[in-house]
Number of protein chains: 2
Amino acid sequence: MPVDGVCNIQMKSNNFILKGDILQSGKSGAIESRGGGYLVCAEGKSAGVFPGIPEEYASFPLFDYSGKLIIPGLTDLHAHAPQFAFRATGMDLELLDWLETRAFPEEAKYGDGVYARRAYGFLVERLKRGPNTRIVLFATIHVPATLLLMDMLEESGLVCLVGKVNMDRNSPDYLCEKSAAASLDATREWLAANRGARGSGNVMPILTPRFIPSCSDELMRGLSEIQKEYGLPVQSHLSENRKEIEWVRELCPSSSCYGGAYDDFGLFGNGAPTIMAHCVWPEEREIELLAKRGVYIAHCPQSNANLSSGIAPVRKFLERGLSAGLGSDIAGGVHSSIFRAMTDAIQVSKLRRALLGESGAAVSLEEAFYLGTRGGGEFFGTASRVANNASGGKAAGFGAAGSFDSGYDFDALVIDDAELAAPFELSPRDRLERVIYLSEDRHIMTKFVRGRRIF
Amino acid sequence: MPVDGVCNIQMKSNNFILKGDILQSGKSGAIESRGGGYLVCAEGKSAGVFPGIPEEYASFPLFDYSGKLIIPGLTDLHAHAPQFAFRATGMDLELLDWLETRAFPEEAKYGDGVYARRAYGFLVERLKRGPNTRIVLFATIHVPATLLLMDMLEESGLVCLVGKVNMDRNSPDYLCEKSAAASLDATREWLAANRGARGSGNVMPILTPRFIPSCSDELMRGLSEIQKEYGLPVQSHLSENRKEIEWVRELCPSSSCYGGAYDDFGLFGNGAPTIMAHCVWPEEREIELLAKRGVYIAHCPQSNANLSSGIAPVRKFLERGLSAGLGSDIAGGVHSSIFRAMTDAIQVSKLRRALLGESGAAVSLEEAFYLGTRGGGEFFGTASRVANNASGGKAAGFGAAGSFDSGYDFDALVIDDAELAAPFELSPRDRLERVIYLSEDRHIMTKFVRGRRIF
């Protein structure tokens, strides 16, 4: 079937085959490629990549994207939904000024449902068109706007984890929950509304204390109880900048480190799939704790540059076998595409070496591609098992993503890279590198999430 | 006249007026904006920005871009034309491996005129569509291909300075000129072909010793003579990485510093408008020499990250009042747009502070916008005066660009930023910041160079 003919065809089932030049990050971390390969989607899961059509799938419809690149969908492990509206403005401000004059006033607007619908509309439309198929989001403290965002994302077909934010101290009056009890009540209200209520199980809740400085001890203890009761995944911020770390040391003097403070409240992994964003300045004991607890690190290189935080020691994370993926950190970062986060990760790791004279290789293309696909995508496998408990019988539909190995959710991008052609033939790896560095959303011909075509 | 109607209209003269939301970098470095302003082009020069139409221009045709942004065209002070073909591939390689396996073999191909026409076609098409209106380019050692590139650029309507590269040592056999004499002869042949030969004077030659390590003393002395004879502008590389600096110290032991080596050959400013790319690791005496000789620095932040060179001390350059602009350094950098170089400059300057604990502010949006417009654009004013001598009576048509102040060349971009809208009204500065961080070439509705519409 000619490619041009594909675009208007609705795939009636999620059993089908795509033909094209297929690349993915393999288990070893190497980039695996198969030119003119066949990628099978069976019941929304990948059944693998084949040199020909296996007999058992011979009845599946074939969609021919010969000459196009097919790669796994990307995962954004950390972004702030309400900050999308003002991304790429005020980037010269220092973190505190930026929070006070841009982030907090904007987040407060989401108390207004009409504004929330309008503003989140911009975000969801952009996310649909971009290369990410999975996004882990902070919403705001507002229950109705958080539920609205979840509904809008469910509608989009993307797989998302969304958190109503908890913050009951050290926050501006207009964006501070009135007490730990009020914050916990609102959280229970939000979770109750999620029980069995939402569509296909693509969008699930994630517990979201903003960060230690904005959450009282009482709130953290209450959230830990809720986490256990519902079996929720957890997300927060960790060791983003040096002043913040110092502040946490003052707030939690008996904790071993910043991560130890979360741990002391029972909110640092250990059964609860947990993402900690940033980890720019981790102490050795924090790295040990991250490893021990199986916490995922969301590396957000662009945000860490924009907000003058620094450069996370990703080489160390990889060497120590920590779980990690990439985050856009909209709007500390201004680009939602995880392609951009991949190249940012490579570039800043080179600068870290050049400026600090560190030994060890910079982050390679292979590693960045791994982090942005399989690295972050694996979180959804862990999270789904827990989320299944949290939903009161309404199971999360999703599993792990970021790979075409058999059993992974079928999240795929078909990319027309003709415009990125060279006056000579490029190797498959060169084509992928060029797409990662140079492609724009418009080069994505079509995008699948769990076997469903998004556009 | 409605905007939609404008696109197909050929402007018959270069006397006209654009209406729109006009922003530029003012003399003080502040961003000046005038919503619904009138920008007058008279004989290809800007006559200024006005709140209404001045009586003396009442007869000029008006093109109404109300609601669109109008800003000066951008200047790329440093790029390698033959490297565009392989940009964004092999970026994990270290500098020497990258030169040996990617850059040098590709440059060698331009000995073949058929290949050169095809490959330069990709470059010129991209440059036409992008936001840069002025580009300073390295070509290769090959005279015919360099002349061909100049013709193709002339055809595009862009203003460019293009250099046939000189290199007679420490280079692979297949890309090394056979002797200083052969290199000098080829240079004279190239310059003779430029005498009065080319179209509108938009594209002019610039003398281009690759860098000290690849040019023998005899070649450098000969180039200095040619520079004086023709009054040519000069470009080269300076203090890009630490090993290179050490190498230059060995090659030129009696010179005060790397820049001093150029200076000792009479090729470091002092009457010859000169661009030195990079300056990542300048010694204090080099900074003093740059200032004394009025040499322009082409700051290439992305290339300096990709090739693990480091981060140039731009704050110091600005404080010392050095002349500077931005460079893409294609293909050490992968993005030709100087919008990207602006944000890279801001981001890496923040990282420099964060990692080295330096005091002093990071590069601001205002400073980055200045560097990418007026900062680099001023070079063309200086260069044109010299190029006039070089052309044997055939004057450079261009002057300084990067500003709408009266007398500057009329280089302008009209940008439709509707797709970058927020759910609230953005200030003019916020709109500009968003265009700089987020826009793509397709947002440029139209582009003028010296009052001529490019598309």
# chains A, B, ... in the order shown; residues from 1 in each chain; ligands from 1
>>> closest_atom_pairs(of="chain B", to="chain A", cutoff="7 Å", atoms="only C-alpha atoms", output="tab-separated table")
residue	atom	partner	partner_atom	distance
B:Ala85	CA	A:Ala422	CA	5.5
B:Phe86	CA	A:Ala422	CA	6.7
B:Ala88	CA	A:Arg434	CA	5.1
B:Thr89	CA	A:Asp430	CA	5.3
B:Asp92	CA	A:Ser364	CA	6.0
B:Arg118	CA	A:Pro423	CA	6.8
B:Ala119	CA	A:Pro423	CA	5.5
B:Ala305	CA	A:Gln347	CA	5.4
B:Asn306	CA	A:Gln347	CA	5.7
B:Ser308	CA	A:Lys350	CA	5.1
B:Ser309	CA	A:Ala354	CA	6.3
B:Gly310	CA	A:Ala354	CA	5.3
B:Gln347	CA	A:Ala305	CA	5.4
B:Lys350	CA	A:Ser308	CA	5.1
B:Leu351	CA	A:Ala305	CA	5.7
B:Ala354	CA	A:Gly310	CA	5.3
B:Leu355	CA	A:Gly310	CA	6.2
B:Ser364	CA	A:Asp92	CA	6.0
B:Leu365	CA	A:Asp92	CA	6.7
B:Ala422	CA	A:Ala85	CA	5.5
B:Pro423	CA	A:Ala119	CA	5.5
B:Asp430	CA	A:Thr89	CA	5.3
B:Glu433	CA	A:Thr89	CA	5.9
B:Arg434	CA	A:Ala88	CA	5.1
B:Tyr437	CA	A:Ala88	CA	6.1
>>> write_last_selection(atoms="N, CA, C and O atoms", output="mmCIF file, in the first residue's frame")
data_model
loop_
_atom_site.group_PDB
_atom_site.id
_atom_site.type_symbol
_atom_site.label_atom_id
_atom_site.label_comp_id
_atom_site.auth_asym_id
_atom_site.auth_seq_id
_atom_site.Cartn_x
_atom_site.Cartn_y
_atom_site.Cartn_z
ATOM 1 N N ALA B 85 26.893 19.559 4.636
ATOM 2 C CA ALA B 85 26.401 18.278 4.114
ATOM 3 C C ALA B 85 26.362 17.182 5.173
ATOM 4 O O ALA B 85 25.498 16.314 5.137
ATOM 5 N N PHE B 86 27.272 17.218 6.109
ATOM 6 C CA PHE B 86 27.302 16.127 7.098
ATOM 7 C C PHE B 86 26.985 16.611 8.517
ATOM 8 O O PHE B 86 27.241 15.904 9.490
ATOM 9 N N ALA B 88 25.320 17.330 11.997
ATOM 10 C CA ALA B 88 24.488 16.475 12.862
ATOM 11 C C ALA B 88 24.690 14.991 12.591
ATOM 12 O O ALA B 88 23.775 14.197 12.716
ATOM 13 N N THR B 89 25.892 14.636 12.191
ATOM 14 C CA THR B 89 26.269 13.210 12.192
ATOM 15 C C THR B 89 27.670 13.134 12.803
ATOM 16 O O THR B 89 28.465 14.067 12.665
ATOM 17 N N ASP B 92 29.457 12.467 18.247
ATOM 18 C CA ASP B 92 30.094 11.876 19.435
ATOM 19 C C ASP B 92 31.618 11.809 19.296
ATOM 20 O O ASP B 92 32.313 11.523 20.266
ATOM 21 N N ARG B 118 25.982 20.195 -6.306
ATOM 22 C CA ARG B 118 24.872 19.484 -5.669
ATOM 23 C C ARG B 118 24.860 19.758 -4.160
ATOM 24 O O ARG B 118 23.827 20.115 -3.574
ATOM 25 N N ALA B 119 26.016 19.614 -3.529
ATOM 26 C CA ALA B 119 26.078 19.753 -2.068
ATOM 27 C C ALA B 119 25.826 21.196 -1.638
ATOM 28 O O ALA B 119 25.079 21.454 -0.693
ATOM 29 N N ALA B 305 30.407 23.362 22.522
ATOM 30 C CA ALA B 305 29.865 22.254 23.323
ATOM 31 C C ALA B 305 30.036 20.937 22.567
ATOM 32 O O ALA B 305 30.585 19.970 23.098
ATOM 33 N N ASN B 306 29.605 20.902 21.313
ATOM 34 C CA ASN B 306 29.644 19.646 20.554
ATOM 35 C C ASN B 306 31.045 19.065 20.459
ATOM 36 O O ASN B 306 31.230 17.854 20.497
ATOM 37 N N SER B 308 33.407 19.589 22.563
ATOM 38 C CA SER B 308 33.996 19.519 23.912
ATOM 39 C C SER B 308 35.086 20.562 24.130
ATOM 40 O O SER B 308 36.038 20.328 24.879
ATOM 41 N N SER B 309 34.943 21.710 23.478
ATOM 42 C CA SER B 309 35.987 22.738 23.606
ATOM 43 C C SER B 309 35.887 23.487 24.927
ATOM 44 O O SER B 309 36.883 23.756 25.582
ATOM 45 N N GLY B 310 34.663 23.865 25.299
ATOM 46 C CA GLY B 310 34.464 24.624 26.529
ATOM 47 C C GLY B 310 33.467 25.741 26.309
ATOM 48 O O GLY B 310 32.648 25.676 25.386
ATOM 49 N N GLN B 347 22.480 29.995 27.450
ATOM 50 C CA GLN B 347 22.495 28.796 28.283
ATOM 51 C C GLN B 347 23.906 28.430 28.738
ATOM 52 O O GLN B 347 24.132 28.112 29.907
ATOM 53 N N LYS B 350 25.256 30.607 31.468
ATOM 54 C CA LYS B 350 24.712 30.253 32.790
ATOM 55 C C LYS B 350 25.452 29.041 33.356
ATOM 56 O O LYS B 350 25.738 28.979 34.559
ATOM 57 N N LEU B 351 25.755 28.082 32.502
ATOM 58 C CA LEU B 351 26.480 26.892 32.964
ATOM 59 C C LEU B 351 27.895 27.240 33.392
ATOM 60 O O LEU B 351 28.432 26.682 34.355
ATOM 61 N N ALA B 354 27.574 28.569 36.781
ATOM 62 C CA ALA B 354 27.185 27.546 37.768
ATOM 63 C C ALA B 354 28.351 26.603 38.073
ATOM 64 O O ALA B 354 28.556 26.197 39.212
ATOM 65 N N LEU B 355 29.123 26.255 37.042
ATOM 66 C CA LEU B 355 30.189 25.263 37.248
ATOM 67 C C LEU B 355 31.473 25.879 37.762
ATOM 68 O O LEU B 355 32.197 25.242 38.529
ATOM 69 N N SER B 364 22.545 37.990 28.780
ATOM 70 C CA SER B 364 21.101 38.242 28.808
ATOM 71 C C SER B 364 20.497 38.091 27.420
ATOM 72 O O SER B 364 21.212 38.050 26.416
ATOM 73 N N LEU B 365 19.176 38.035 27.385
ATOM 74 C CA LEU B 365 18.485 38.001 26.094
ATOM 75 C C LEU B 365 18.873 39.227 25.266
ATOM 76 O O LEU B 365 19.140 39.119 24.065
ATOM 77 N N ALA B 422 0.341 32.623 23.574
ATOM 78 C CA ALA B 422 0.040 32.110 24.912
ATOM 79 C C ALA B 422 -1.435 32.366 25.196
ATOM 80 O O ALA B 422 -2.076 33.138 24.486
ATOM 81 N N PRO B 423 -1.968 31.748 26.250
ATOM 82 C CA PRO B 423 -3.369 32.020 26.604
ATOM 83 C C PRO B 423 -3.552 33.371 27.287
ATOM 84 O O PRO B 423 -4.558 33.612 27.911
ATOM 85 N N ASP B 430 8.555 39.577 25.474
ATOM 86 C CA ASP B 430 8.239 38.149 25.634
ATOM 87 C C ASP B 430 8.018 37.491 24.266
ATOM 88 O O ASP B 430 8.430 36.347 24.046
ATOM 89 N N GLU B 433 11.405 36.959 22.816
ATOM 90 C CA GLU B 433 12.110 35.873 23.508
ATOM 91 C C GLU B 433 11.595 34.513 23.021
ATOM 92 O O GLU B 433 12.361 33.584 22.766
ATOM 93 N N ARG B 434 10.274 34.436 22.869
ATOM 94 C CA ARG B 434 9.674 33.186 22.430
ATOM 95 C C ARG B 434 10.086 32.841 20.998
ATOM 96 O O ARG B 434 10.349 31.677 20.680
ATOM 97 N N TYR B 437 13.678 31.537 21.177
ATOM 98 C CA TYR B 437 13.805 30.181 21.726
ATOM 99 C C TYR B 437 13.064 29.124 20.916
ATOM 100 O O TYR B 437 13.505 27.981 20.848
#
>>> residues_around(residues="Tyr370 of chain B", least_positions_apart="6", cutoff="12 Å", atoms="only C-alpha atoms", output="PyMOL selection string")
chain B and resi 23-32+71-75+318+323-326+338-339+341-342+345+363-364+376-378+401-403
>>> write_last_selection(atoms="N, CA and C atoms", output="CSV table (one decimal), in the first residue's frame")
chain,number,residue,atom,x,y,z
B,23,LEU,N,10.8,45.3,16.4
B,23,LEU,CA,11.8,45.2,17.5
B,23,LEU,C,13.2,45.2,17.0
B,24,GLN,N,14.1,45.9,17.8
B,24,GLN,CA,15.5,45.8,17.4
B,24,GLN,C,16.3,46.0,18.7
B,25,SER,N,17.6,45.7,18.5
B,25,SER,CA,18.6,46.0,19.6
B,25,SER,C,19.0,47.4,19.4
B,26,GLY,N,18.8,48.2,20.4
B,26,GLY,CA,19.1,49.6,20.3
B,26,GLY,C,20.6,49.9,20.5
B,27,LYS,N,21.0,51.1,20.3
B,27,LYS,CA,22.4,51.4,20.5
B,27,LYS,C,22.9,51.1,21.9
B,28,SER,N,22.0,51.3,22.9
B,28,SER,CA,22.4,51.1,24.3
B,28,SER,C,22.4,49.6,24.6
B,29,GLY,N,21.9,48.8,23.7
B,29,GLY,CA,21.8,47.3,24.0
B,29,GLY,C,20.4,46.9,24.5
B,30,ALA,N,19.6,47.9,24.8
B,30,ALA,CA,18.2,47.6,25.2
B,30,ALA,C,17.4,47.2,24.0
B,31,ILE,N,16.4,46.4,24.2
B,31,ILE,CA,15.5,46.0,23.1
B,31,ILE,C,14.5,47.1,22.9
B,32,GLU,N,14.5,47.7,21.7
B,32,GLU,CA,13.5,48.8,21.4
B,32,GLU,C,12.4,48.2,20.7
B,71,ILE,N,11.9,42.2,12.7
B,71,ILE,CA,13.2,42.4,13.4
B,71,ILE,C,14.3,42.4,12.3
B,72,PRO,N,15.5,42.9,12.7
B,72,PRO,CA,16.6,42.9,11.8
B,72,PRO,C,17.0,41.4,11.4
B,73,GLY,N,17.6,41.3,10.2
B,73,GLY,CA,18.1,40.0,9.9
B,73,GLY,C,19.3,39.6,10.8
B,74,LEU,N,19.6,38.3,10.8
B,74,LEU,CA,20.7,37.9,11.7
B,74,LEU,C,22.0,37.7,11.0
B,75,THR,N,23.1,37.7,11.7
B,75,THR,CA,24.4,37.5,11.0
B,75,THR,C,25.1,36.3,11.7
B,318,LEU,N,32.3,41.3,26.6
B,318,LEU,CA,31.4,42.4,26.6
B,318,LEU,C,31.9,43.5,27.5
B,323,SER,N,34.7,43.7,20.0
B,323,SER,CA,33.7,43.5,19.0
B,323,SER,C,33.4,42.0,18.9
B,324,ALA,N,32.1,41.6,18.9
B,324,ALA,CA,31.8,40.2,18.9
B,324,ALA,C,30.4,40.0,18.2
B,325,GLY,N,30.3,38.8,17.6
B,325,GLY,CA,29.0,38.4,17.1
B,325,GLY,C,28.9,36.9,17.3
B,326,LEU,N,27.9,36.3,16.7
B,326,LEU,CA,27.7,34.9,16.9
B,326,LEU,C,28.0,34.1,15.7
B,338,ILE,N,20.9,31.6,13.6
B,338,ILE,CA,21.5,32.3,14.7
B,338,ILE,C,20.6,32.6,15.9
B,339,PHE,N,19.3,32.4,15.7
B,339,PHE,CA,18.4,32.3,16.8
B,339,PHE,C,18.9,31.2,17.8
B,341,ALA,N,21.9,30.1,18.1
B,341,ALA,CA,23.2,30.5,18.7
B,341,ALA,C,22.9,31.5,19.8
B,342,MET,N,21.9,32.3,19.7
B,342,MET,CA,21.5,33.2,20.8
B,342,MET,C,21.2,32.5,22.1
B,345,ALA,N,24.1,30.7,23.5
B,345,ALA,CA,25.0,31.6,24.2
B,345,ALA,C,24.5,31.9,25.6
B,363,VAL,N,24.9,35.9,30.2
B,363,VAL,CA,24.5,36.7,29.0
B,363,VAL,C,23.0,36.8,29.0
B,364,SER,N,22.5,38.0,28.8
B,364,SER,CA,21.1,38.2,28.8
B,364,SER,C,20.5,38.1,27.4
B,376,GLY,N,27.2,41.2,15.1
B,376,GLY,CA,27.9,40.7,13.9
B,376,GLY,C,27.6,41.5,12.7
B,377,GLY,N,26.5,42.1,12.6
B,377,GLY,CA,26.1,42.9,11.4
B,377,GLY,C,27.0,44.1,11.1
B,378,GLU,N,27.6,44.6,12.2
B,378,GLU,CA,28.5,45.8,12.1
B,378,GLU,C,29.8,45.4,11.3
B,401,ALA,N,24.7,46.0,8.9
B,401,ALA,CA,23.4,45.5,9.0
B,401,ALA,C,23.1,45.2,10.5
B,402,GLY,N,21.9,44.7,10.8
B,402,GLY,CA,21.5,44.3,12.1
B,402,GLY,C,20.8,45.3,13.0
B,403,SER,N,20.5,46.5,12.3
B,403,SER,CA,19.7,47.5,13.0
B,403,SER,C,18.8,48.2,12.0
>>> residues_around(residues="Gly157 of chain A", least_positions_apart="2", cutoff="8 Å", atoms="only C-alpha atoms", output="list of chain:residue names")
A:Leu153, A:Glu154, A:Glu155, A:Val159, A:Asn202, A:Val449, A:Arg452, A:Ile454
>>> residues_around(residues="Lys316 of chain B", least_positions_apart="3", cutoff="12 Å", atoms="only C-alpha atoms", output="number ranges by chain")
B: 279-284, 287-288, 291, 311-313, 319-324, 349, 358-363
>>> closest_residue(among="A:Arg34, A:Ile297, A:Ser179, A:Ser406", to="Glu218 of chain A", atoms="only C-alpha atoms")
A:Ser179
>>> atom_distance(atom1="atom CA of Gly407 of chain B", atom2="atom CA of Ile22 of chain B")
16.9 Å
>>> atom_distance(atom1="atom CA of Ser183 of chain A", atom2="atom CA of Pro253 of chain A")
24.2 Å
>>> residues_around(residues="Leu238 of chain A", least_positions_apart="5", cutoff="6 Å", atoms="only C-alpha atoms", output="list in words")
Met276, Ala277, His278 and Cys279 of chain A
